[in-house]
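This is data.txt. It holds compact mmCIF, C-alpha atoms.
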```
# COMPACT_ATOMS: atom_id res chain seq x y z
CA MET A 1 79.36 97.06 136.80
CA LYS A 2 79.36 93.64 138.43
CA LEU A 3 82.69 91.90 137.79
CA ASN A 4 82.77 88.13 137.40
CA ARG A 5 85.31 85.86 139.01
CA LEU A 6 87.90 85.79 136.23
CA THR A 7 87.85 89.57 135.75
CA THR A 8 88.32 90.11 139.48
CA MET A 9 91.23 87.68 139.57
CA ILE A 10 92.92 89.35 136.59
CA LEU A 11 92.61 92.79 138.20
CA ALA A 12 93.99 91.42 141.46
CA ALA A 13 96.86 89.76 139.57
CA MET A 14 97.74 93.07 137.89
CA VAL A 15 97.90 94.90 141.22
CA LEU A 16 99.86 92.11 142.90
CA GLY A 17 102.21 91.98 139.91
CA ILE A 18 103.00 95.70 140.16
CA ILE A 19 103.70 95.41 143.90
CA THR A 20 105.82 92.27 143.52
CA GLY A 21 107.83 93.61 140.58
CA TYR A 22 108.54 96.90 142.32
CA ALA A 23 109.48 95.18 145.59
CA TRP A 24 111.90 92.80 143.86
CA ARG A 25 113.51 95.64 141.93
CA GLU A 26 114.12 97.51 145.18
CA MET A 27 115.46 94.48 147.03
CA ALA A 28 117.49 92.84 144.26
CA GLY A 29 121.19 93.28 144.62
CA SER A 30 122.17 93.41 140.98
CA PRO A 31 120.78 93.83 137.44
CA GLU A 32 121.55 90.13 136.88
CA ALA A 33 119.20 89.17 139.73
CA ILE A 34 116.45 91.36 138.30
CA LYS A 35 116.89 89.85 134.84
CA SER A 36 116.87 86.33 136.25
CA PHE A 37 113.66 87.10 138.19
CA ALA A 38 111.94 88.47 135.10
CA ASP A 39 113.12 85.59 132.91
CA ASN A 40 111.86 82.99 135.38
CA LEU A 41 108.47 84.66 135.64
CA SER A 42 108.20 84.89 131.87
CA ILE A 43 107.83 81.09 131.83
CA LEU A 44 104.29 81.46 133.20
CA THR A 45 103.36 84.02 130.56
CA ASP A 46 104.91 81.91 127.80
CA VAL A 47 102.98 78.84 128.94
CA PHE A 48 99.68 80.73 128.84
CA LEU A 49 100.32 82.28 125.42
CA ARG A 50 101.38 78.88 124.09
CA LEU A 51 98.15 77.37 125.41
CA ILE A 52 96.22 80.12 123.63
CA LYS A 53 98.12 79.52 120.39
CA MET A 54 97.40 75.82 120.81
CA ILE A 55 93.65 76.35 120.60
CA ILE A 56 93.48 79.30 118.17
CA ALA A 57 93.93 77.37 114.90
CA PRO A 58 91.40 74.55 115.55
CA LEU A 59 88.95 77.04 117.06
CA VAL A 60 89.11 79.43 114.09
CA PHE A 61 88.90 76.60 111.56
CA SER A 62 86.03 74.71 113.19
CA THR A 63 83.81 77.69 114.04
CA LEU A 64 84.39 79.40 110.69
CA VAL A 65 83.74 76.28 108.59
CA VAL A 66 80.54 75.47 110.47
CA GLY A 67 79.35 79.08 110.22
CA ILE A 68 79.95 79.28 106.46
CA ALA A 69 78.50 75.83 105.73
CA ARG A 70 75.29 76.77 107.49
CA MET A 71 74.90 80.03 105.61
CA GLY A 72 73.48 78.02 102.74
CA ASP A 73 75.05 79.55 99.62
CA SER A 74 78.09 81.43 98.37
CA ALA A 75 76.03 84.56 97.75
CA THR A 76 75.37 84.87 101.49
CA VAL A 77 79.06 84.37 102.25
CA GLY A 78 79.97 87.04 99.70
CA ARG A 79 77.42 89.51 101.04
CA ILE A 80 78.52 89.11 104.65
CA GLY A 81 82.18 89.24 103.64
CA ALA A 82 81.60 92.45 101.68
CA LYS A 83 79.85 94.05 104.66
CA ALA A 84 82.68 93.02 106.98
CA MET A 85 85.38 94.36 104.64
CA GLY A 86 83.46 97.60 104.15
CA TRP A 87 83.38 98.10 107.92
CA PHE A 88 87.05 97.17 108.27
CA VAL A 89 88.15 99.72 105.67
CA THR A 90 86.02 102.45 107.25
CA ALA A 91 87.25 101.70 110.78
CA SER A 92 90.85 101.55 109.53
CA LEU A 93 90.61 104.97 107.93
CA VAL A 94 89.04 106.43 111.07
CA SER A 95 91.82 104.92 113.23
CA LEU A 96 94.65 106.13 111.00
CA MET A 97 93.17 109.62 110.51
CA LEU A 98 92.45 110.08 114.22
CA GLY A 99 96.03 109.08 115.06
CA LEU A 100 97.32 111.55 112.48
CA VAL A 101 95.12 114.38 113.76
CA MET A 102 95.91 113.78 117.44
CA VAL A 103 99.69 113.57 117.01
CA ASN A 104 99.64 116.85 115.08
CA LEU A 105 97.48 118.53 117.72
CA LEU A 106 99.33 117.22 120.79
CA LYS A 107 102.84 117.33 119.23
CA PRO A 108 104.40 114.86 121.71
CA GLY A 109 107.77 114.87 119.93
CA VAL A 110 108.12 118.64 119.44
CA GLY A 111 110.81 120.12 121.68
CA LEU A 112 112.90 116.97 122.04
CA SER A 113 115.23 118.28 119.30
CA LEU A 114 117.17 115.05 119.04
CA PRO A 115 120.26 115.06 116.80
CA LEU A 116 119.94 112.98 113.67
CA PRO A 117 121.60 109.60 114.26
CA ASP A 118 124.28 108.06 112.08
CA ILE A 119 122.81 106.91 108.79
CA THR A 120 123.90 103.34 109.54
CA ALA A 121 122.20 103.27 112.94
CA SER A 122 119.56 100.57 113.23
CA SER A 123 116.73 99.82 115.62
CA GLY A 124 117.14 96.08 115.27
CA ILE A 125 113.62 95.76 113.84
CA GLU A 126 113.50 93.99 110.48
CA LYS A 127 111.78 96.58 108.32
CA GLY A 128 111.67 94.40 105.24
CA ALA A 129 109.41 91.82 106.85
CA LEU A 130 106.22 93.13 105.27
CA THR A 131 106.19 93.02 101.50
CA LEU A 132 103.48 92.31 98.93
CA LYS A 133 105.04 88.91 98.30
CA ASP A 134 105.01 88.08 102.02
CA PHE A 135 101.41 89.24 102.31
CA ILE A 136 100.31 86.99 99.43
CA SER A 137 102.21 84.06 100.89
CA HIS A 138 100.41 84.61 104.20
CA LEU A 139 97.10 85.03 102.39
CA ILE A 140 97.13 81.81 100.35
CA PRO A 141 98.62 78.81 102.15
CA LYS A 142 100.64 76.29 100.18
CA SER A 143 99.57 73.76 102.78
CA VAL A 144 96.69 74.07 105.21
CA PHE A 145 98.62 71.95 107.70
CA ASP A 146 101.53 74.38 107.52
CA ALA A 147 99.15 77.30 108.14
CA LEU A 148 97.54 75.49 111.09
CA ALA A 149 100.94 74.61 112.55
CA LYS A 150 102.15 78.22 112.30
CA ASN A 151 98.85 79.78 113.48
CA GLU A 152 98.65 81.95 110.36
CA ILE A 153 95.12 83.21 110.91
CA LEU A 154 94.71 84.87 107.53
CA ALA A 155 95.70 81.68 105.68
CA ILE A 156 93.40 79.62 107.91
CA VAL A 157 90.53 81.99 107.15
CA VAL A 158 91.11 81.66 103.38
CA PHE A 159 91.16 77.85 103.52
CA SER A 160 88.10 77.78 105.79
CA LEU A 161 86.22 79.99 103.33
CA PHE A 162 86.85 77.51 100.51
CA PHE A 163 86.16 74.48 102.71
CA GLY A 164 82.94 75.86 104.20
CA THR A 165 81.64 77.05 100.81
CA GLY A 166 82.38 73.63 99.31
CA ALA A 167 80.55 71.92 102.17
CA ALA A 168 77.52 74.16 101.62
CA ALA A 169 77.60 73.39 97.88
CA ILE A 170 77.25 69.61 98.30
CA GLY A 171 74.52 69.93 100.94
CA ASP A 172 73.42 66.76 102.73
CA LYS A 173 76.53 64.80 101.81
CA ALA A 174 78.55 67.09 104.08
CA ARG A 175 76.13 66.99 107.01
CA GLY A 176 78.00 64.33 108.98
CA LEU A 177 81.36 66.04 108.52
CA ILE A 178 80.00 69.46 109.48
CA ASP A 179 78.38 67.99 112.61
CA ALA A 180 81.74 66.45 113.51
CA ILE A 181 83.55 69.77 112.99
CA ASP A 182 80.82 71.43 115.08
CA ALA A 183 81.64 68.98 117.86
CA VAL A 184 85.30 69.99 117.56
CA ALA A 185 84.24 73.63 117.99
CA HIS A 186 82.35 72.77 121.18
CA ILE A 187 85.33 70.82 122.52
CA MET A 188 87.67 73.72 121.80
CA LEU A 189 85.33 76.15 123.59
CA LYS A 190 85.39 73.84 126.61
CA VAL A 191 89.20 73.67 126.44
CA THR A 192 89.20 77.48 126.28
CA GLY A 193 87.47 77.53 129.65
CA TYR A 194 90.22 75.38 131.12
CA VAL A 195 92.99 77.55 129.61
CA MET A 196 91.42 80.78 130.90
CA ASN A 197 91.79 79.55 134.48
CA PHE A 198 95.54 80.07 134.01
CA ALA A 199 95.15 83.68 132.82
CA PRO A 200 95.58 85.41 136.24
CA PHE A 201 98.94 83.67 136.80
CA ALA A 202 100.14 84.75 133.34
CA VAL A 203 98.99 88.32 133.97
CA PHE A 204 100.78 88.42 137.33
CA ALA A 205 104.00 87.13 135.75
CA ALA A 206 103.86 89.54 132.80
CA ILE A 207 103.24 92.63 134.94
CA ALA A 208 105.71 91.70 137.69
CA GLY A 209 108.49 90.92 135.22
CA MET A 210 107.90 94.11 133.25
CA VAL A 211 107.92 96.35 136.35
CA ALA A 212 110.99 94.57 137.74
CA LYS A 213 112.99 95.14 134.54
CA GLU A 214 111.84 98.61 133.59
CA GLY A 215 110.87 100.07 136.97
CA LEU A 216 108.08 102.54 137.60
CA GLY A 217 110.45 105.36 136.68
CA ILE A 218 110.05 104.69 132.98
CA LEU A 219 106.39 105.66 133.33
CA SER A 220 107.37 109.15 134.46
CA THR A 221 110.10 109.48 131.81
CA TYR A 222 107.68 108.72 128.99
CA GLY A 223 104.61 109.72 130.95
CA SER A 224 103.61 112.63 128.70
CA PHE A 225 103.88 110.61 125.49
CA MET A 226 102.00 107.66 126.97
CA ALA A 227 99.28 109.87 128.40
CA GLN A 228 98.76 111.56 125.04
CA PHE A 229 98.62 108.23 123.23
CA TYR A 230 96.10 106.82 125.69
CA LEU A 231 94.04 110.00 125.36
CA SER A 232 94.01 109.40 121.61
CA LEU A 233 93.02 105.76 122.17
CA SER A 234 90.14 106.84 124.39
CA LEU A 235 88.89 109.11 121.61
CA LEU A 236 89.17 106.18 119.20
CA TRP A 237 87.04 104.09 121.57
CA LEU A 238 84.42 106.85 121.54
CA ALA A 239 84.57 107.04 117.75
CA LEU A 240 84.18 103.26 117.37
CA LEU A 241 81.33 103.17 119.87
CA ALA A 242 79.63 106.07 118.07
CA MET A 243 79.96 104.21 114.74
CA GLY A 244 78.55 101.09 116.37
CA ALA A 245 75.67 103.04 117.92
CA ILE A 246 74.46 104.00 114.43
CA PHE A 247 73.48 100.35 113.96
CA LEU A 248 73.26 98.96 117.51
CA LYS A 249 71.60 101.99 119.15
CA GLY A 250 71.66 101.72 122.93
CA ARG A 251 72.94 98.14 122.87
CA VAL A 252 76.44 99.41 122.12
CA ILE A 253 76.87 100.08 125.86
CA GLU A 254 75.68 96.56 126.55
CA LEU A 255 78.31 95.31 124.10
CA LEU A 256 80.99 97.35 125.88
CA ARG A 257 80.06 95.62 129.13
CA ALA A 258 80.04 92.23 127.42
CA VAL A 259 83.60 92.53 126.10
CA ARG A 260 85.16 94.13 129.17
CA GLU A 261 86.69 90.82 130.23
CA PRO A 262 88.41 89.93 126.92
CA ALA A 263 89.50 93.57 126.57
CA LEU A 264 91.03 93.43 130.06
CA LEU A 265 92.71 90.14 129.20
CA ALA A 266 94.18 91.65 126.02
CA PHE A 267 95.30 94.72 127.98
CA SER A 268 96.99 92.81 130.76
CA THR A 269 98.77 90.33 128.46
CA ALA A 270 99.41 92.88 125.65
CA SER A 271 98.05 90.29 123.22
CA SER A 272 94.90 90.54 121.11
CA GLU A 273 95.31 86.87 120.24
CA ALA A 274 95.07 85.86 123.90
CA ALA A 275 91.58 87.36 124.03
CA TYR A 276 90.24 85.73 120.84
CA PRO A 277 88.46 82.71 122.41
CA LYS A 278 86.91 84.81 125.17
CA THR A 279 85.82 87.50 122.68
CA LEU A 280 84.08 84.86 120.55
CA ASP A 281 82.33 83.54 123.63
CA ARG A 282 81.20 87.00 124.77
CA LEU A 283 79.86 87.90 121.32
CA LYS A 284 77.64 84.81 121.40
CA ARG A 285 76.40 85.72 124.87
CA PHE A 286 75.70 89.23 123.60
CA GLY A 287 73.36 87.70 121.03
CA CYS A 288 75.55 87.77 117.95
CA SER A 289 74.80 84.89 115.59
CA ASP A 290 77.30 82.05 115.91
CA ARG A 291 77.93 81.92 112.18
CA ILE A 292 78.45 85.69 111.90
CA ALA A 293 80.76 85.91 114.91
CA SER A 294 82.76 82.89 113.74
CA PHE A 295 83.11 84.42 110.27
CA VAL A 296 83.78 88.11 111.01
CA LEU A 297 86.01 87.83 114.09
CA PRO A 298 88.87 85.84 112.45
CA MET A 299 88.79 88.22 109.47
CA GLY A 300 88.97 91.14 111.88
CA TYR A 301 92.17 89.78 113.41
CA SER A 302 93.75 90.08 109.98
CA PHE A 303 92.16 93.26 108.64
CA ASN A 304 90.79 95.29 111.55
CA LEU A 305 93.47 96.02 114.17
CA ASP A 306 92.20 99.52 114.99
CA GLY A 307 94.45 100.22 117.96
CA SER A 308 97.56 99.05 116.13
CA MET A 309 96.77 101.19 113.09
CA MET A 310 96.28 104.33 115.19
CA TYR A 311 99.65 103.64 116.83
CA CYS A 312 101.34 103.42 113.42
CA THR A 313 100.45 107.00 112.43
CA PHE A 314 100.89 108.38 115.96
CA ALA A 315 104.33 106.82 116.48
CA THR A 316 105.65 107.58 112.99
CA ILE A 317 104.86 111.30 113.22
CA PHE A 318 106.16 111.37 116.83
CA ILE A 319 109.56 110.13 115.64
CA ALA A 320 109.61 112.73 112.85
CA GLN A 321 108.78 115.46 115.39
CA ALA A 322 111.50 114.25 117.77
CA TYR A 323 114.13 114.73 115.04
CA GLY A 324 112.69 118.04 113.90
CA ILE A 325 111.62 116.66 110.50
CA ASP A 326 108.66 118.54 109.06
CA LEU A 327 106.32 116.59 106.82
CA THR A 328 103.94 118.31 104.41
CA LEU A 329 100.23 117.57 104.41
CA SER A 330 100.55 115.64 101.18
CA GLN A 331 103.34 113.53 102.69
CA GLU A 332 101.23 112.76 105.74
CA ILE A 333 98.26 111.77 103.57
CA THR A 334 100.56 109.56 101.50
CA MET A 335 101.83 108.00 104.72
CA LEU A 336 98.27 107.31 105.82
CA LEU A 337 97.48 105.55 102.55
CA ILE A 338 100.67 103.50 102.72
CA LEU A 339 99.87 102.44 106.27
CA MET A 340 96.33 101.59 105.18
CA VAL A 341 97.79 98.93 102.89
CA THR A 342 100.85 97.71 104.82
CA SER A 343 98.94 97.36 108.11
CA LYS A 344 96.85 94.61 106.53
CA GLY A 345 99.91 92.38 106.67
CA MET A 346 100.22 92.66 110.45
CA ALA A 347 98.62 89.34 111.32
CA GLY A 348 101.11 86.70 112.39
CA VAL A 349 104.13 89.03 112.41
CA PRO A 350 105.85 89.42 115.83
CA ARG A 351 105.84 93.02 117.09
CA ALA A 352 103.92 93.83 113.93
CA SER A 353 103.30 97.52 114.68
CA LEU A 354 107.02 98.19 115.01
CA VAL A 355 107.73 96.31 111.78
CA VAL A 356 105.15 98.38 109.89
CA ILE A 357 106.51 101.62 111.37
CA ALA A 358 110.10 100.67 110.49
CA ALA A 359 109.07 100.03 106.88
CA THR A 360 107.22 103.37 106.73
CA LEU A 361 110.03 105.45 108.24
CA ALA A 362 112.42 104.45 105.49
CA GLN A 363 110.05 105.68 102.78
CA PHE A 364 110.04 109.23 104.23
CA ASN A 365 113.73 109.48 105.12
CA ILE A 366 112.98 109.44 108.85
CA PRO A 367 115.77 107.74 110.86
CA GLU A 368 114.87 104.14 111.58
CA ALA A 369 116.84 104.37 114.82
CA GLY A 370 114.01 106.56 116.12
CA LEU A 371 112.20 103.35 116.99
CA LEU A 372 114.62 103.02 119.89
CA LEU A 373 112.70 105.89 121.49
CA LEU A 374 109.67 103.61 121.71
CA LEU A 375 111.11 100.20 122.51
CA GLY A 376 111.31 100.84 126.24
CA VAL A 377 107.62 101.60 126.59
CA ASP A 378 106.27 99.60 123.67
CA HIS A 379 104.87 96.95 126.01
CA PHE A 380 102.85 99.56 127.92
CA LEU A 381 101.56 100.99 124.64
CA ASP A 382 100.81 97.52 123.25
CA MET A 383 98.51 96.88 126.20
CA GLY A 384 96.23 99.72 125.16
CA ARG A 385 96.22 99.00 121.46
CA SER A 386 95.55 95.27 122.05
CA ALA A 387 92.46 96.09 124.11
CA THR A 388 91.34 98.50 121.37
CA ASN A 389 91.73 95.78 118.75
CA VAL A 390 89.36 93.58 120.76
CA LEU A 391 86.72 96.31 121.03
CA GLY A 392 86.95 97.17 117.33
CA ASN A 393 86.46 93.58 116.23
CA ALA A 394 83.59 93.00 118.65
CA ILE A 395 81.78 96.05 117.28
CA ALA A 396 82.44 94.93 113.69
CA ALA A 397 80.96 91.46 114.27
CA SER A 398 77.93 92.87 116.09
CA VAL A 399 77.22 95.45 113.39
CA VAL A 400 77.38 92.85 110.63
CA ALA A 401 75.08 90.57 112.64
CA LYS A 402 72.64 93.46 113.10
CA THR A 403 72.55 94.26 109.38
CA GLU A 404 71.91 90.56 108.68
CA LYS A 405 69.09 90.53 111.26
CA GLU A 406 71.02 87.92 113.24
CA LEU A 407 71.51 89.85 116.46
CA THR A 408 69.24 88.58 119.22
CA ALA A 409 68.74 89.54 122.85
CA ALA A 410 71.67 88.87 125.15
CA LEU A 411 71.78 85.55 126.97
CA PRO A 412 71.40 85.55 130.76
CA GLN A 413 74.58 86.05 132.77
CA LEU A 414 76.45 82.76 132.96
CA ASP A 415 79.47 81.62 134.87
CA ASP A 416 82.74 81.27 133.00
CA ASP A 417 82.49 77.49 133.02
CA ASP A 418 79.00 77.37 131.49
CA ASP A 419 78.73 76.22 127.90
CA ILE A 420 77.33 78.38 125.14
CA GLU A 421 75.15 76.50 122.69
CA PRO A 422 75.87 77.99 119.27
CA GLN A 423 72.88 79.53 117.60
CA GLY A 424 71.58 78.15 114.37
CA ARG A 425 72.11 74.46 115.18
CA ASP A 426 68.77 73.71 113.58
CA VAL A 427 69.76 75.41 110.34
CA GLU A 428 69.83 72.89 107.50
CA LEU A 429 72.73 72.61 105.11
CA GLN A 430 71.52 73.74 101.72
CA PRO A 431 73.15 73.22 98.33
CA ALA A 432 74.60 76.45 96.98
CA MET A 433 72.44 76.28 93.86
CA ALA A 434 69.17 75.58 95.66
CA LYS A 435 66.43 78.17 95.44
CA GLN A 436 65.94 80.08 98.67
CA GLY A 437 62.59 80.81 100.32
```

Written as structure tokens, how would this file's structure read?
Amino acid sequence: MKLNRLTTMILAAMVLGIITGYAWREMAGSPEAIKSFADNLSILTDVFLRLIKMIIAPLVFSTLVVGIARMGDSATVGRIGAKAMGWFVTASLVSLMLGLVMVNLLKPGVGLSLPLPDITASSGIEKGALTLKDFISHLIPKSVFDALAKNEILAIVVFSLFFGTGAAAIGDKARGLIDAIDAVAHIMLKVTGYVMNFAPFAVFAAIAGMVAKEGLGILSTYGSFMAQFYLSLSLLWLALLAMGAIFLKGRVIELLRAVREPALLAFSTASSEAAYPKTLDRLKRFGCSDRIASFVLPMGYSFNLDGSMMYCTFATIFIAQAYGIDLTLSQEITMLLILMVTSKGMAGVPRASLVVIAATLAQFNIPEAGLLLLLGVDHFLDMGRSATNVLGNAIAASVVAKTEKELTAALPQLDDDDDIEPQGRDVELQPAMAKQG
């Protein structure tokens, strides 16, 4: 596959980061020097992730509002939303079940025979962070400005749904405002292009700092567990692609090629959020309707984190195996159902997978301190699950667009700096109560 400029630079930055991090670790005279090196490099990564967070909220709001307003009526919004949620639930169950099956087949924790830790031992992860009350508070913002300031995607999506539906209901009166918000969306996509030029530097800093602190030795120590998890992730990719092929046919391979760059970006930065703008751009180039992509993708970041959900079942059972705790089939099924619900509160929570796992461990009397087994390699594992999240959401948006007959032929290959003209700009705003046809 032909790699474009940004992809090539990210790959080169990853390789250079590994070499630099390893070289510094070997040459540094003390752990303090290694820590200082990693901390200084982390500034570059922090700057990039802050730039991404800077554009996420206005990009989600503007593209989603314009997409909903141009759908014409609330019935269309409801139908597309129902299709998206149906796909999310199905993909979530597949991810959780596959993780459960693979961890029981591979048994990565069996044989470790770790002694049970002291009952007061803690992993340092706040397990009470995800509750029903917290989920509702994230779901319905008390202030849209507060949600925008905190980048709470789920809350932004909810407000955008109401705002876009209201704009569609009043029809022509909202035309000027929607055109202005559409202009904001175009500006944010242009800003995204500028921000992405900084991605290779952030990738270099993240990889170099990680290798300098942890060393390549940690890969051999946890090599078996990591290999088994990535094997499971690869099977999840095949499962998701097979599900997508039911609707997309042969174009699912074309979609895989289209999202390779955002998936690589998510992998190298261990952040699904960092890849959001580029994923939205690539979906449009793939031929996915602007209004569908802008509607489904933000929802997917709240409800469809396939890689993260597989990790929850895989890691939870691994910890139980490591301590020699046998769970019955009914307990494992109960765990799956619990994770199905609690994982939907992941969006906006730092180190969300670990938080969800910590909350789940307590409900099955599995030592919470078992999370310490994973903390050292969590970054390496997060790289894979972040890339999987990107693929899962890209497939979801494309499938919904296909079922709505809004998936067109892919656009010609463009350079990273080229603008994408959103589809459907000639679609008229229609009052929600107007007769269609």

- Which neighbours of Ile156 of chain A fall inside 8 Å, counting all atoms listed in the file, when residues of the same chain fewer than 5 positions from it are skipped, and could you give them as a list in words? Ala57, Val60, Phe61, Pro141, Val144, Ala147, Leu148 and Asn151 of chain A

Name all residues at most 12 Å from Gly109 of chain A (count only C-alpha atoms; drop same-chain ones fewer than 5 positions away) and give them as a PDB file with C-alpha atoms, in the frame of the given file.
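The result, written out as out.pdb:
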```pdb
ATOM      1  CA  VAL A 103      99.690 113.570 117.010  1.00  0.00           C
ATOM      2  CA  ASN A 104      99.640 116.850 115.080  1.00  0.00           C
ATOM      3  CA  LEU A 114     117.170 115.050 119.040  1.00  0.00           C
ATOM      4  CA  TYR A 222     107.680 108.720 128.990  1.00  0.00           C
ATOM      5  CA  SER A 224     103.610 112.630 128.700  1.00  0.00           C
ATOM      6  CA  PHE A 225     103.880 110.610 125.490  1.00  0.00           C
ATOM      7  CA  MET A 226     102.000 107.660 126.970  1.00  0.00           C
ATOM      8  CA  GLN A 228      98.760 111.560 125.040  1.00  0.00           C
ATOM      9  CA  PHE A 229      98.620 108.230 123.230  1.00  0.00           C
ATOM     10  CA  PHE A 314     100.890 108.380 115.960  1.00  0.00           C
ATOM     11  CA  ALA A 315     104.330 106.820 116.480  1.00  0.00           C
ATOM     12  CA  THR A 316     105.650 107.580 112.990  1.00  0.00           C
ATOM     13  CA  ILE A 317     104.860 111.300 113.220  1.00  0.00           C
ATOM     14  CA  PHE A 318     106.160 111.370 116.830  1.00  0.00           C
ATOM     15  CA  ILE A 319     109.560 110.130 115.640  1.00  0.00           C
ATOM     16  CA  ALA A 320     109.610 112.730 112.850  1.00  0.00           C
ATOM     17  CA  GLN A 321     108.780 115.460 115.390  1.00  0.00           C
ATOM     18  CA  ALA A 322     111.500 114.250 117.770  1.00  0.00           C
ATOM     19  CA  TYR A 323     114.130 114.730 115.040  1.00  0.00           C
ATOM     20  CA  GLY A 324     112.690 118.040 113.900  1.00  0.00           C
ATOM     21  CA  ILE A 325     111.620 116.660 110.500  1.00  0.00           C
ATOM     22  CA  ASP A 326     108.660 118.540 109.060  1.00  0.00           C
ATOM     23  CA  GLY A 370     114.010 106.560 116.120  1.00  0.00           C
ATOM     24  CA  LEU A 373     112.700 105.890 121.490  1.00  0.00           C
ATOM     25  CA  LEU A 374     109.670 103.610 121.710  1.00  0.00           C
TER      26      LEU A 374
END
```

Listed atoms of segment 242-245 of chain A boxed along x, y and z, 3 Å each side, centre and edge lengths in Å, one decimal, as JSON:
```
{"center_x": 77.8, "center_y": 103.6, "center_z": 116.4, "size_x": 10.3, "size_y": 11.0, "size_z": 9.3}
```

- Message: Need to verify the contact set: Phe37 of chain A, 10 Å, all atoms listed in the file, exclusion of same-chain residues closer than 6 positions in sequence. Can you return it as an MDAnalysis selection string?
- Response: chainID A and resid 21 24:25 28 31 205 208:209 212:213

Please provide the set of residues having any atom within 8 Å of segment 391-397 of chain A, restricted to only C-alpha atoms, with same-chain residues fewer than 6 positions apart removed, written as a tab-separated table (two decimals) with C-alpha atoms, in the frame of the given file.
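part_13.tsv was written with the following content:
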```tsv
chain	number	residue	atom	x	y	z
A	84	ALA	CA	82.68	93.02	106.98
A	87	TRP	CA	83.38	98.10	107.92
A	88	PHE	CA	87.05	97.17	108.27
A	91	ALA	CA	87.25	101.70	110.78
A	237	TRP	CA	87.04	104.09	121.57
A	240	LEU	CA	84.18	103.26	117.37
A	241	LEU	CA	81.33	103.17	119.87
A	244	GLY	CA	78.55	101.09	116.37
A	252	VAL	CA	76.44	99.41	122.12
A	255	LEU	CA	78.31	95.31	124.10
A	256	LEU	CA	80.99	97.35	125.88
A	259	VAL	CA	83.60	92.53	126.10
A	263	ALA	CA	89.50	93.57	126.57
A	279	THR	CA	85.82	87.50	122.68
A	283	LEU	CA	79.86	87.90	121.32
A	288	CYS	CA	75.55	87.77	117.95
A	292	ILE	CA	78.45	85.69	111.90
A	293	ALA	CA	80.76	85.91	114.91
A	296	VAL	CA	83.78	88.11	111.01
A	297	LEU	CA	86.01	87.83	114.09
A	300	GLY	CA	88.97	91.14	111.88
A	301	TYR	CA	92.17	89.78	113.41
A	304	ASN	CA	90.79	95.29	111.55
A	305	LEU	CA	93.47	96.02	114.17
A	306	ASP	CA	92.20	99.52	114.99
```

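Interatomic distance, atom CA of Gly307 of chain A to atom CA of Thr403 of chain A: 24.3 Å.
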
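With all atoms listed in the file as the basis for measurement, A:Val390 is the residue among A:Ala239, A:Ile338, A:Val390, A:Ala82 that approaches Lys278 of chain A most closely.
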
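Once Lys405 of chain A and its same-chain neighbours fewer than 5 positions away are set aside, A:Ile80, A:Phe247, A:Leu248, A:Gly287, A:Cys288, A:Ser289, A:Ile292, A:Ser398, A:Val399, A:Val400 remain within 12 Å of it when counting only C-alpha atoms.
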
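With all atoms listed in the file as the atoms that count, the residue of A:Thr20, A:Ser42, A:Ser36, A:Thr360 with the shortest distance to Thr269 of chain A is A:Ser42.
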
- Message: Can you measure atom CA of Phe286 of chain A to atom CA of Pro262 of chain A for me? One decimal in Å is fine.
- Response: 13.2 Å

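The spacing separating atom CA of Ser62 of chain A from atom CA of Ser386 of chain A amounts to 24.3 Å.
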
- Note on the structure: Across A:Thr313, A:Thr45, A:Ser272, A:Asn197, the smallest distance to Arg5 of chain A, with all atoms listed in the file counted, is shown by A:Asn197

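Using all atoms listed in the file, the smallest distance between any of A:Ile181, A:Leu381, A:Leu339, A:Leu189 and Gly223 of chain A comes from A:Leu381.
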
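Proximity ranking of A:Met196, A:Ala180, A:Ala69, A:Leu231 relative to Asp281 of chain A places A:Met196 first, based on only C-alpha atoms.
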
- Message: So, with only C-alpha atoms as the atoms that count, which of A:Val211, A:Leu236, A:Ala369, A:Ala275 lies closest to Met102 of chain A?
- Response: A:Leu236

- Task: Please write as a PyMOL selection string the list of polymer residues whose atoms come within 9 Å of (98.8, 86.8, 139.8), counting all atoms listed in the file and keeping to the coordinates of the file.
- Result: chain A and resi 9-17+199-205+207-208
